[in-house]
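Shown here: target-v9.pdb, PDB, C-alpha atoms, pLDDT in the B column.
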ATOM      1  CA  MET A  10     -57.696  -6.683 -93.000  1.00 59.00           C
ATOM      2  CA  ASP A  11     -56.021  -3.713 -94.612  1.00 80.00           C
ATOM      3  CA  LEU A  12     -55.691  -1.992 -91.242  1.00 83.00           C
ATOM      4  CA  ASN A  13     -53.991  -5.065 -89.739  1.00 85.00           C
ATOM      5  CA  PHE A  14     -51.675  -5.199 -92.692  1.00 85.00           C
ATOM      6  CA  LEU A  15     -50.782  -1.513 -92.261  1.00 87.00           C
ATOM      7  CA  VAL A  16     -50.234  -1.821 -88.497  1.00 88.00           C
ATOM      8  CA  GLY A  17     -48.111  -4.932 -88.974  1.00 89.00           C
ATOM      9  CA  GLY A  18     -46.064  -3.216 -91.662  1.00 90.00           C
ATOM     10  CA  ALA A  19     -45.546  -0.138 -89.531  1.00 89.00           C
ATOM     11  CA  PHE A  20     -44.505  -2.256 -86.560  1.00 89.00           C
ATOM     12  CA  GLY A  21     -42.068  -4.224 -88.711  1.00 91.00           C
ATOM     13  CA  ALA A  22     -40.584  -1.028 -90.118  1.00 90.00           C
ATOM     14  CA  LEU A  23     -40.232   0.419 -86.623  1.00 91.00           C
ATOM     15  CA  LEU A  24     -38.566  -2.749 -85.337  1.00 91.00           C
ATOM     16  CA  GLY A  25     -36.214  -2.752 -88.322  1.00 91.00           C
ATOM     17  CA  ALA A  26     -35.266   0.868 -87.682  1.00 90.00           C
ATOM     18  CA  VAL A  27     -34.588   0.194 -83.992  1.00 89.00           C
ATOM     19  CA  ILE A  28     -32.398  -2.810 -84.858  1.00 90.00           C
ATOM     20  CA  ALA A  29     -30.532  -0.785 -87.499  1.00 88.00           C
ATOM     21  CA  ILE A  30     -29.863   2.036 -85.015  1.00 88.00           C
ATOM     22  CA  TRP A  31     -28.759  -0.430 -82.345  1.00 87.00           C
ATOM     23  CA  ARG A  32     -26.442  -2.241 -84.793  1.00 86.00           C
ATOM     24  CA  SER A  33     -24.998   1.035 -85.963  1.00 86.00           C
ATOM     25  CA  ARG A  34     -24.325   2.147 -82.373  1.00 84.00           C
ATOM     26  CA  TYR A  35     -22.884  -1.245 -81.496  1.00 85.00           C
ATOM     27  CA  SER A  36     -20.551  -1.198 -84.496  1.00 87.00           C
ATOM     28  CA  ALA A  37     -19.412   2.354 -83.783  1.00 88.00           C
ATOM     29  CA  ARG A  38     -18.630   1.617 -80.126  1.00 89.00           C
ATOM     30  CA  SER A  39     -16.906  -1.654 -80.963  1.00 90.00           C
ATOM     31  CA  ALA A  40     -14.751   0.051 -83.600  1.00 93.00           C
ATOM     32  CA  ASP A  41     -13.932   2.923 -81.227  1.00 93.00           C
ATOM     33  CA  LEU A  42     -12.931   0.495 -78.487  1.00 94.00           C
ATOM     34  CA  THR A  43     -10.718  -1.488 -80.871  1.00 95.00           C
ATOM     35  CA  LYS A  44      -9.052   1.677 -82.134  1.00 96.00           C
ATOM     36  CA  ARG A  45      -8.366   2.939 -78.620  1.00 97.00           C
ATOM     37  CA  VAL A  46      -6.893  -0.414 -77.549  1.00 97.00           C
ATOM     38  CA  GLU A  47      -4.616  -0.240 -80.621  1.00 97.00           C
ATOM     39  CA  THR A  48      -3.537   3.234 -79.526  1.00 98.00           C
ATOM     40  CA  ILE A  49      -2.772   1.938 -76.021  1.00 98.00           C
ATOM     41  CA  ASN A  50      -0.704  -0.903 -77.490  1.00 98.00           C
ATOM     42  CA  SER A  51       1.194   1.594 -79.598  1.00 98.00           C
ATOM     43  CA  ILE A  52       1.956   3.770 -76.540  1.00 98.00           C
ATOM     44  CA  ILE A  53       3.116   0.659 -74.639  1.00 98.00           C
ATOM     45  CA  ASP A  54       5.552  -0.097 -77.485  1.00 97.00           C
ATOM     46  CA  SER A  55       6.788   3.503 -77.599  1.00 97.00           C
ATOM     47  CA  LEU A  56       7.242   3.629 -73.821  1.00 97.00           C
ATOM     48  CA  ALA A  57       9.093   0.301 -73.793  1.00 96.00           C
ATOM     49  CA  ASP A  58      11.379   1.604 -76.535  1.00 94.00           C
ATOM     50  CA  SER A  59      11.985   4.926 -74.817  1.00 94.00           C
ATOM     51  CA  ALA A  60      12.533   3.402 -71.362  1.00 94.00           C
ATOM     52  CA  SER A  61      14.943   0.791 -72.730  1.00 92.00           C
ATOM     53  CA  ARG A  62      17.014   3.513 -74.417  1.00 91.00           C
ATOM     54  CA  ALA A  63      16.849   5.804 -71.377  1.00 90.00           C
ATOM     55  CA  ARG A  64      18.053   3.010 -69.091  1.00 87.00           C
ATOM     56  CA  THR A  65      20.918   1.704 -71.192  1.00 84.00           C
ATOM     57  CA  LYS A  66      21.794   4.769 -73.286  1.00 76.00           C
ATOM     58  CA  LEU A  67      21.877   2.343 -76.232  1.00 75.00           C
ATOM     59  CA  GLY A  68      21.049   4.340 -79.337  1.00 68.00           C
ATOM     60  CA  ALA A  69      21.022   7.582 -77.341  1.00 69.00           C
ATOM     61  CA  GLU A  70      23.521   9.159 -79.721  1.00 72.00           C
ATOM     62  CA  LYS A  71      21.153   8.377 -82.591  1.00 75.00           C
ATOM     63  CA  ASP A  72      17.941   9.730 -81.078  1.00 78.00           C
ATOM     64  CA  GLY A  73      18.398  11.713 -77.883  1.00 82.00           C
ATOM     65  CA  LEU A  74      14.725  12.691 -77.654  1.00 84.00           C
ATOM     66  CA  ILE A  75      13.384   9.151 -77.350  1.00 84.00           C
ATOM     67  CA  SER A  76      16.003   8.244 -74.753  1.00 84.00           C
ATOM     68  CA  SER A  77      15.323  11.285 -72.564  1.00 89.00           C
ATOM     69  CA  LYS A  78      13.856  10.614 -69.108  1.00 90.00           C
ATOM     70  CA  SER A  79      11.189  13.294 -69.526  1.00 92.00           C
ATOM     71  CA  TYR A  80      10.004  11.776 -72.808  1.00 94.00           C
ATOM     72  CA  CYS A  81       9.730   8.434 -71.034  1.00 94.00           C
ATOM     73  CA  VAL A  82       7.745   9.849 -68.084  1.00 95.00           C
ATOM     74  CA  ALA A  83       5.440  11.754 -70.456  1.00 96.00           C
ATOM     75  CA  LEU A  84       4.685   8.578 -72.411  1.00 97.00           C
ATOM     76  CA  GLN A  85       3.816   6.840 -69.148  1.00 97.00           C
ATOM     77  CA  GLY A  86       1.448   9.707 -68.326  1.00 96.00           C
ATOM     78  CA  ARG A  87      -0.194   9.365 -71.745  1.00 97.00           C
ATOM     79  CA  LEU A  88      -0.590   5.626 -71.259  1.00 97.00           C
ATOM     80  CA  GLU A  89      -2.152   6.134 -67.854  1.00 96.00           C
ATOM     81  CA  ASP A  90      -4.540   8.775 -69.223  1.00 95.00           C
ATOM     82  CA  ALA A  91      -5.547   6.554 -72.144  1.00 97.00           C
ATOM     83  CA  ILE A  92      -6.372   3.571 -69.910  1.00 97.00           C
ATOM     84  CA  ASN A  93      -8.194   5.749 -67.374  1.00 95.00           C
ATOM     85  CA  ARG A  94     -10.306   7.366 -70.128  1.00 95.00           C
ATOM     86  CA  LEU A  95     -11.113   3.984 -71.614  1.00 95.00           C
ATOM     87  CA  HIS A  96     -12.266   2.781 -68.195  1.00 94.00           C
ATOM     88  CA  ALA A  97     -14.330   5.942 -67.675  1.00 94.00           C
ATOM     89  CA  ASP A  98     -16.055   5.485 -71.060  1.00 95.00           C
ATOM     90  CA  TYR A  99     -16.486   1.704 -71.172  1.00 94.00           C
ATOM     91  CA  GLY A 100     -15.669   0.251 -67.727  1.00 93.00           C
ATOM     92  CA  LYS A 101     -13.906  -3.060 -66.947  1.00 92.00           C
ATOM     93  CA  PHE A 102     -10.395  -1.631 -67.445  1.00 93.00           C
ATOM     94  CA  ASP A 103      -9.562  -1.416 -63.736  1.00 90.00           C
ATOM     95  CA  ASP A 104      -9.467  -4.969 -62.446  1.00 92.00           C
ATOM     96  CA  ASP A 105      -6.599  -6.011 -60.183  1.00 92.00           C
ATOM     97  CA  GLN A 106      -4.843  -7.975 -62.906  1.00 94.00           C
ATOM     98  CA  LEU A 107      -4.776  -5.009 -65.288  1.00 95.00           C
ATOM     99  CA  THR A 108      -3.750  -2.450 -62.648  1.00 94.00           C
ATOM    100  CA  GLY A 109      -1.118  -4.890 -61.341  1.00 94.00           C
ATOM    101  CA  ALA A 110       0.268  -5.308 -64.864  1.00 96.00           C
ATOM    102  CA  PHE A 111       0.315  -1.525 -65.309  1.00 97.00           C
ATOM    103  CA  THR A 112       2.193  -1.073 -62.012  1.00 95.00           C
ATOM    104  CA  GLU A 113       4.717  -3.753 -62.979  1.00 96.00           C
ATOM    105  CA  PHE A 114       5.311  -2.149 -66.389  1.00 97.00           C
ATOM    106  CA  ALA A 115       5.489   1.397 -64.975  1.00 96.00           C
ATOM    107  CA  ASN A 116       7.947   0.269 -62.288  1.00 95.00           C
ATOM    108  CA  ALA A 117      10.134  -1.339 -64.929  1.00 95.00           C
ATOM    109  CA  CYS A 118      10.049   1.768 -67.138  1.00 96.00           C
ATOM    110  CA  THR A 119      10.336   4.654 -64.672  1.00 95.00           C
ATOM    111  CA  GLY A 120      10.895   3.039 -61.274  1.00 92.00           C
ATOM    112  CA  GLY A 121      14.157   2.391 -59.466  1.00 86.00           C
ATOM    113  CA  ALA A 122      16.941   4.617 -60.705  1.00 83.00           C
ATOM    114  CA  PHE A 123      17.535   5.660 -64.305  1.00 81.00           C
ATOM    115  CA  ASP A 124      21.285   5.806 -63.820  1.00 79.00           C
ATOM    116  CA  GLU A 125      21.740   2.206 -62.758  1.00 79.00           C
ATOM    117  CA  PRO A 126      24.876   0.216 -63.631  1.00 80.00           C
ATOM    118  CA  GLU A 127      25.067  -1.236 -67.130  1.00 78.00           C
ATOM    119  CA  LYS A 128      24.400  -4.844 -66.123  1.00 79.00           C
ATOM    120  CA  GLU A 129      21.315  -3.922 -64.108  1.00 82.00           C
ATOM    121  CA  ALA A 130      20.081  -1.758 -66.962  1.00 82.00           C
ATOM    122  CA  GLU A 131      20.408  -4.706 -69.342  1.00 85.00           C
ATOM    123  CA  ALA A 132      18.253  -6.801 -66.987  1.00 88.00           C
ATOM    124  CA  THR A 133      15.749  -3.966 -66.725  1.00 90.00           C
ATOM    125  CA  ILE A 134      15.214  -4.088 -70.494  1.00 92.00           C
ATOM    126  CA  ARG A 135      13.972  -7.638 -70.136  1.00 93.00           C
ATOM    127  CA  ARG A 136      11.584  -6.558 -67.378  1.00 94.00           C
ATOM    128  CA  ILE A 137      10.348  -3.665 -69.522  1.00 96.00           C
ATOM    129  CA  LEU A 138       9.611  -5.705 -72.645  1.00 96.00           C
ATOM    130  CA  ILE A 139       8.073  -8.703 -70.890  1.00 97.00           C
ATOM    131  CA  SER A 140       5.923  -6.647 -68.510  1.00 97.00           C
ATOM    132  CA  GLY A 141       4.816  -4.517 -71.488  1.00 97.00           C
ATOM    133  CA  GLY A 142       3.631  -7.697 -73.214  1.00 97.00           C
ATOM    134  CA  ARG A 143       1.766  -8.744 -70.086  1.00 97.00           C
ATOM    135  CA  LEU A 144       0.032  -5.372 -69.890  1.00 98.00           C
ATOM    136  CA  LYS A 145      -1.057  -5.714 -73.530  1.00 98.00           C
ATOM    137  CA  ASP A 146      -2.513  -9.142 -72.707  1.00 97.00           C
ATOM    138  CA  ARG A 147      -4.479  -7.676 -69.787  1.00 97.00           C
ATOM    139  CA  VAL A 148      -5.801  -4.816 -71.905  1.00 97.00           C
ATOM    140  CA  ALA A 149      -6.833  -7.313 -74.602  1.00 96.00           C
ATOM    141  CA  GLY A 150      -8.547  -9.412 -71.926  1.00 95.00           C
ATOM    142  CA  ALA A 151     -10.521  -6.385 -70.713  1.00 95.00           C
ATOM    143  CA  ARG A 152     -11.374  -5.560 -74.352  1.00 93.00           C
ATOM    144  CA  MET A 153     -12.819  -9.036 -74.887  1.00 92.00           C
ATOM    145  CA  LYS A 154     -15.221  -8.557 -71.980  1.00 91.00           C
ATOM    146  CA  HIS A 155     -17.056  -5.962 -74.052  1.00 88.00           C
ATOM    147  CA  TYR A 156     -17.983  -6.696 -77.683  1.00 74.00           C
TER     148      TYR A 156
ATOM    149  CA  MET B   3      -8.967  18.103 -35.601  1.00 85.00           C
ATOM    150  CA  SER B   4      -6.563  19.970 -37.863  1.00 95.00           C
ATOM    151  CA  HIS B   5      -6.630  19.346 -41.573  1.00 97.00           C
ATOM    152  CA  ALA B   6      -4.327  20.488 -44.376  1.00 97.00           C
ATOM    153  CA  THR B   7      -4.667  20.337 -48.139  1.00 97.00           C
ATOM    154  CA  VAL B   8      -1.500  19.941 -50.172  1.00 98.00           C
ATOM    155  CA  ARG B   9      -1.657  20.546 -53.907  1.00 98.00           C
ATOM    156  CA  LEU B  10       1.304  19.035 -55.729  1.00 98.00           C
ATOM    157  CA  ALA B  11       0.831  21.218 -58.822  1.00 97.00           C
ATOM    158  CA  SER B  12       1.335  24.313 -56.629  1.00 97.00           C
ATOM    159  CA  TRP B  13       4.722  22.935 -55.588  1.00 97.00           C
ATOM    160  CA  SER B  14       5.643  21.685 -59.064  1.00 97.00           C
ATOM    161  CA  ASP B  15       3.643  20.550 -62.078  1.00 96.00           C
ATOM    162  CA  LEU B  16       6.748  18.709 -63.328  1.00 95.00           C
ATOM    163  CA  PRO B  17       7.742  16.412 -60.465  1.00 96.00           C
ATOM    164  CA  ALA B  18      10.843  14.431 -61.413  1.00 92.00           C
ATOM    165  CA  GLY B  19      13.592  12.338 -59.900  1.00 93.00           C
ATOM    166  CA  ARG B  20      13.821  10.201 -56.816  1.00 94.00           C
ATOM    167  CA  TYR B  21      16.501  11.966 -54.757  1.00 94.00           C
ATOM    168  CA  ARG B  22      17.447  15.611 -54.219  1.00 96.00           C
ATOM    169  CA  ASP B  23      20.544  14.963 -56.338  1.00 94.00           C
ATOM    170  CA  ASP B  24      18.203  14.290 -59.279  1.00 91.00           C
ATOM    171  CA  GLY B  25      16.796  17.823 -59.236  1.00 92.00           C
ATOM    172  CA  PRO B  26      14.746  20.374 -57.271  1.00 94.00           C
ATOM    173  CA  ASN B  27      11.386  18.654 -57.889  1.00 96.00           C
ATOM    174  CA  SER B  28      12.417  15.254 -56.574  1.00 96.00           C
ATOM    175  CA  GLY B  29      10.264  12.868 -54.583  1.00 97.00           C
ATOM    176  CA  GLU B  30      12.635  13.110 -51.632  1.00 97.00           C
ATOM    177  CA  ALA B  31      12.332  16.905 -51.570  1.00 98.00           C
ATOM    178  CA  PHE B  32       8.539  16.820 -51.793  1.00 98.00           C
ATOM    179  CA  ARG B  33       8.271  14.220 -49.045  1.00 98.00           C
ATOM    180  CA  GLU B  34      10.778  15.823 -46.675  1.00 98.00           C
ATOM    181  CA  ASP B  35       9.855  19.472 -47.242  1.00 98.00           C
ATOM    182  CA  VAL B  36       6.109  19.308 -47.828  1.00 98.00           C
ATOM    183  CA  LEU B  37       4.227  16.076 -47.235  1.00 98.00           C
ATOM    184  CA  ALA B  38       5.861  14.635 -44.110  1.00 98.00           C
ATOM    185  CA  PRO B  39       5.705  17.993 -42.241  1.00 98.00           C
ATOM    186  CA  ALA B  40       2.037  18.372 -43.228  1.00 98.00           C
ATOM    187  CA  LEU B  41       1.311  14.904 -41.843  1.00 98.00           C
ATOM    188  CA  ARG B  42       3.276  15.604 -38.665  1.00 97.00           C
ATOM    189  CA  ASP B  43       1.529  18.934 -38.040  1.00 97.00           C
ATOM    190  CA  ASN B  44      -2.030  17.887 -38.856  1.00 97.00           C
ATOM    191  CA  ASP B  45      -4.455  15.139 -37.975  1.00 97.00           C
ATOM    192  CA  SER B  46      -5.314  14.593 -41.623  1.00 97.00           C
ATOM    193  CA  VAL B  47      -4.034  15.699 -45.012  1.00 98.00           C
ATOM    194  CA  THR B  48      -5.679  15.788 -48.419  1.00 98.00           C
ATOM    195  CA  LEU B  49      -3.077  15.439 -51.133  1.00 98.00           C
ATOM    196  CA  ASP B  50      -4.175  16.664 -54.553  1.00 98.00           C
ATOM    197  CA  LEU B  51      -2.042  15.011 -57.229  1.00 97.00           C
ATOM    198  CA  ASN B  52      -4.028  16.230 -60.229  1.00 95.00           C
ATOM    199  CA  GLU B  53      -2.880  18.653 -62.938  1.00 94.00           C
ATOM    200  CA  VAL B  54       0.738  17.577 -63.111  1.00 95.00           C
ATOM    201  CA  TYR B  55       2.555  16.476 -66.259  1.00 94.00           C
ATOM    202  CA  GLY B  56       3.225  12.854 -65.413  1.00 93.00           C
ATOM    203  CA  LEU B  57       4.421  11.007 -62.331  1.00 95.00           C
ATOM    204  CA  ALA B  58       7.442   8.739 -62.683  1.00 95.00           C
ATOM    205  CA  SER B  59       7.258   5.556 -60.659  1.00 95.00           C
ATOM    206  CA  SER B  60      10.575   6.375 -58.962  1.00 95.00           C
ATOM    207  CA  TRP B  61       9.214   9.765 -57.790  1.00 97.00           C
ATOM    208  CA  THR B  62       5.952   8.223 -56.586  1.00 97.00           C
ATOM    209  CA  GLU B  63       7.629   5.341 -54.767  1.00 96.00           C
ATOM    210  CA  GLU B  64      10.091   7.666 -53.064  1.00 97.00           C
ATOM    211  CA  VAL B  65       7.250   9.840 -51.752  1.00 98.00           C
ATOM    212  CA  PHE B  66       4.837   7.166 -50.527  1.00 98.00           C
ATOM    213  CA  GLY B  67       7.182   4.271 -49.853  1.00 97.00           C
ATOM    214  CA  GLY B  68       9.487   6.772 -48.156  1.00 98.00           C
ATOM    215  CA  LEU B  69       6.749   7.916 -45.767  1.00 98.00           C
ATOM    216  CA  VAL B  70       6.759   4.372 -44.383  1.00 98.00           C
ATOM    217  CA  ARG B  71      10.418   3.464 -44.861  1.00 97.00           C
ATOM    218  CA  ILE B  72      12.043   6.713 -43.759  1.00 97.00           C
ATOM    219  CA  ASN B  73       9.461   8.850 -41.952  1.00 97.00           C
ATOM    220  CA  LYS B  74       8.129   5.829 -40.086  1.00 97.00           C
ATOM    221  CA  PHE B  75       4.415   6.321 -40.708  1.00 97.00           C
ATOM    222  CA  THR B  76       2.566   3.015 -40.682  1.00 97.00           C
ATOM    223  CA  PRO B  77       0.341   1.988 -43.604  1.00 97.00           C
ATOM    224  CA  GLU B  78      -2.618   2.079 -41.180  1.00 97.00           C
ATOM    225  CA  GLN B  79      -1.827   5.680 -40.167  1.00 97.00           C
ATOM    226  CA  LEU B  80      -1.548   6.707 -43.799  1.00 97.00           C
ATOM    227  CA  GLN B  81      -4.793   4.985 -44.689  1.00 96.00           C
ATOM    228  CA  LYS B  82      -6.587   6.933 -41.936  1.00 96.00           C
ATOM    229  CA  ARG B  83      -4.860  10.295 -42.235  1.00 97.00           C
ATOM    230  CA  LEU B  84      -3.846  10.707 -45.873  1.00 97.00           C
ATOM    231  CA  ASP B  85      -6.616  11.298 -48.374  1.00 97.00           C
ATOM    232  CA  LEU B  86      -5.567  11.142 -52.033  1.00 97.00           C
ATOM    233  CA  SER B  87      -7.308  13.317 -54.565  1.00 96.00           C
ATOM    234  CA  LEU B  88      -6.422  11.893 -57.955  1.00 94.00           C
ATOM    235  CA  ASN B  89      -8.390  11.270 -61.146  1.00 91.00           C
ATOM    236  CA  SER B  90      -6.415   8.146 -61.944  1.00 92.00           C
ATOM    237  CA  PRO B  91      -7.526   4.814 -60.463  1.00 90.00           C
ATOM    238  CA  LEU B  92      -4.323   3.281 -61.846  1.00 92.00           C
ATOM    239  CA  THR B  93      -2.037   5.582 -59.877  1.00 94.00           C
ATOM    240  CA  VAL B  94      -4.129   5.333 -56.698  1.00 94.00           C
ATOM    241  CA  LYS B  95      -3.695   1.537 -56.762  1.00 93.00           C
ATOM    242  CA  MET B  96      -0.007   1.968 -57.543  1.00 94.00           C
ATOM    243  CA  ILE B  97       0.465   4.273 -54.546  1.00 96.00           C
ATOM    244  CA  LYS B  98      -1.332   1.822 -52.265  1.00 95.00           C
ATOM    245  CA  SER B  99       0.968  -0.959 -53.436  1.00 94.00           C
ATOM    246  CA  TYR B 100       4.054   1.197 -52.721  1.00 96.00           C
ATOM    247  CA  ILE B 101       2.836   1.893 -49.194  1.00 97.00           C
ATOM    248  CA  ALA B 102       2.065  -1.791 -48.587  1.00 95.00           C
ATOM    249  CA  HIS B 103       5.409  -2.997 -49.976  1.00 94.00           C
ATOM    250  CA  ALA B 104       7.420  -0.448 -47.975  1.00 95.00           C
ATOM    251  CA  ALA B 105       6.060  -1.766 -44.676  1.00 89.00           C
TER     252      ALA B 105
END
Can you present the structure in this file as structure tokens?
Amino acid sequence: MDLNFLVGGAFGALLGAVIAIWRSRYSARSADLTKRVETINSIIDSLADSASRARTKLGAEKDGLISSKSYCVALQGRLEDAINRLHADYGKFDDDQLTGAFTEFANACTGGAFDEPEKEAEATIRRILISGGRLKDRVAGARMKHY
Amino acid sequence: MSHATVRLASWSDLPAGRYRDDGPNSGEAFREDVLAPALRDNDSVTLDLNEVYGLASSWTEEVFGGLVRINKFTPEQLQKRLDLSLNSPLTVKMIKSYIAHAA
């Protein structure tokens, strides 16, 4: 009787420990994923801001760094790296909808010609901001497939 | 069967600009001076695009869309003869879309 009680207790304790470790791991990975998606969203916002300024020169006199073409291209590189790393670590961040949204956003930000006429540049801002929002939606959709 | 390997970072690790007028590391310059000749002179080419500090979409489109639009390679030829070495699934898909749309 006592032996059964001891074995049962030990098994329960072991099961509890396994569940605690699993929950801890799950929470850590979920929090990491959420944080990294937030970082990606922040880079999308920064790139949209930089690309809009670089295209139109609006606000360029105020902050020349943000409106520089190189700053814009570097932000796009950081965004690409962040999404690629997230896919390498967690998977599911490379479906056609997400990569299509990335291509659309990247084309709007650094495609075409930076020195386009003013009216075209104004239209490009709309493409930049709306395609950036679509990319965020796709990243959020991929995030929801996980935890 | 001749084969060439082209490493972009050896040409420039800061590729920038679409046309030659945009600077010495432009997509047009890379395509005309490096990539198109390598494809003309060899049966296959491996293009290593790693270890550069960012690729602007205008630069990338000018290189790969330009191979179809200007140098008259077909998407099928490029699929068979051009092997991309790149640690970015996003950019690989982007390049494929540029080649497809240029046809």
**Request:** Using the chain letters and residue numbers of this document, give as a PyMOL selection string the residues selected by the PyMOL selection byres ((chain A) within 6 of (chain B)).
**Result:** chain A and resi 82-83+86+108+112+116+119-121
Enclose the full set of atoms of region 55-68 of chain B listed in the file within a box whose edges lie along x, y and z, apply 6 Å of padding to each of the six sides, and report centre and edge lengths in Å to one decimal as AutoDock Vina command-line options.
--center_x 6.6 --center_y 10.4 --center_z -57.2 --size_x 20.0 --size_y 24.2 --size_z 30.1
**Message:** Can you pull out the residues contacting Phe32 (chain B)? Cut-off 10 Å, using all atoms listed in the file, and skip same-chain residues under 2 positions away; I want them as number ranges by chain.
**Reply:** B: 10, 13-14, 17, 20-22, 26-30, 34-38, 61, 64-65
Go ahead and write the selection's residues with C-alpha atoms as a tab-separated table (two decimals), keeping the file's coordinate frame.
chain	number	residue	atom	x	y	z
B	10	LEU	CA	1.30	19.04	-55.73
B	13	TRP	CA	4.72	22.94	-55.59
B	14	SER	CA	5.64	21.68	-59.06
B	17	PRO	CA	7.74	16.41	-60.46
B	20	ARG	CA	13.82	10.20	-56.82
B	21	TYR	CA	16.50	11.97	-54.76
B	22	ARG	CA	17.45	15.61	-54.22
B	26	PRO	CA	14.75	20.37	-57.27
B	27	ASN	CA	11.39	18.65	-57.89
B	28	SER	CA	12.42	15.25	-56.57
B	29	GLY	CA	10.26	12.87	-54.58
B	30	GLU	CA	12.64	13.11	-51.63
B	34	GLU	CA	10.78	15.82	-46.68
B	35	ASP	CA	9.86	19.47	-47.24
B	36	VAL	CA	6.11	19.31	-47.83
B	37	LEU	CA	4.23	16.08	-47.24
B	38	ALA	CA	5.86	14.64	-44.11
B	61	TRP	CA	9.21	9.76	-57.79
B	64	GLU	CA	10.09	7.67	-53.06
B	65	VAL	CA	7.25	9.84	-51.75
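By all atoms listed in the file, and with residues fewer than 5 positions from Ser140 (chain A) along its chain excluded, the set lying at most 12 Å from it is Ile53, Asp54, Leu56, Ala57, Leu107, Gly109, Ala110, Phe111, Thr112, Glu113, Phe114, Ala115, Asn116, Ala117, Cys118, Thr133, Ile134, Arg135, Lys145, Asp146 and Arg147 of chain A.
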**Item:** CA of Ala60 (chain A) to CA of Met153 (chain A), straight-line distance in Å
**Value:**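 According to the coordinates, CA of Met153 (chain A) and CA of Ala60 (chain A) are separated by 28.5 Å.
Excluding Val8 (chain B) and any residue on its chain fewer than 5 positions from it, the residues at most 7 Å away by only C-alpha atoms are Thr48, Leu49 and Asp50 of chain B.
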Cut-off 12 Å: closest region 50-136 of chain A/region 31-41 of chain A atom pairs per residue, using only C-alpha atoms, as a tab-separated table:
residue	atom	partner	partner_atom	distance
A:Leu95	CA	A:Asp41	CA	10.1
A:Asp98	CA	A:Arg38	CA	10.2
A:Tyr99	CA	A:Arg38	CA	9.2
**Item:** Atom-to-atom span, CA of Ile139 (chain A) and CA of Ser61 (chain A), Å
**Value:** 11.9 Å
**Prompt:** At most 10 Å from (2.4, -3.3, -77.3), file frame, all atoms listed in the file: which residues, as a VMD selection string?
**Reply:** chain A and resid 46 to 57 138 141 to 146 148
**Asked** Near Lys66 (chain A), counting all atoms listed in the file, which residues have an atom at most 12 Å away, once you skip same-chain residues fewer than 4 positions from it, shown as JSON, numbers by chain?
**Response** {"A": [58, 59, 60, 61, 62, 70, 71, 72, 73, 74, 75, 76, 77, 78, 123, 124, 125, 126, 127, 130, 131, 134]}
**Interatomic distance (Å, one decimal) between CA of Ala40 (chain B) and CA of Lys98 (chain B)** = 19.2 Å
**Prompt:** Pick the closest to Leu80 (chain B) from B:Ser12, B:Ser46, B:Asn52, B:Thr7: which is it, counting all atoms listed in the file?
**Reply:** B:Ser46
**Residue among A:Leu42, A:Ala19, A:Ile137, A:Val27 lying closest to Ala91 (chain A), counting all atoms listed in the file** = A:Leu42
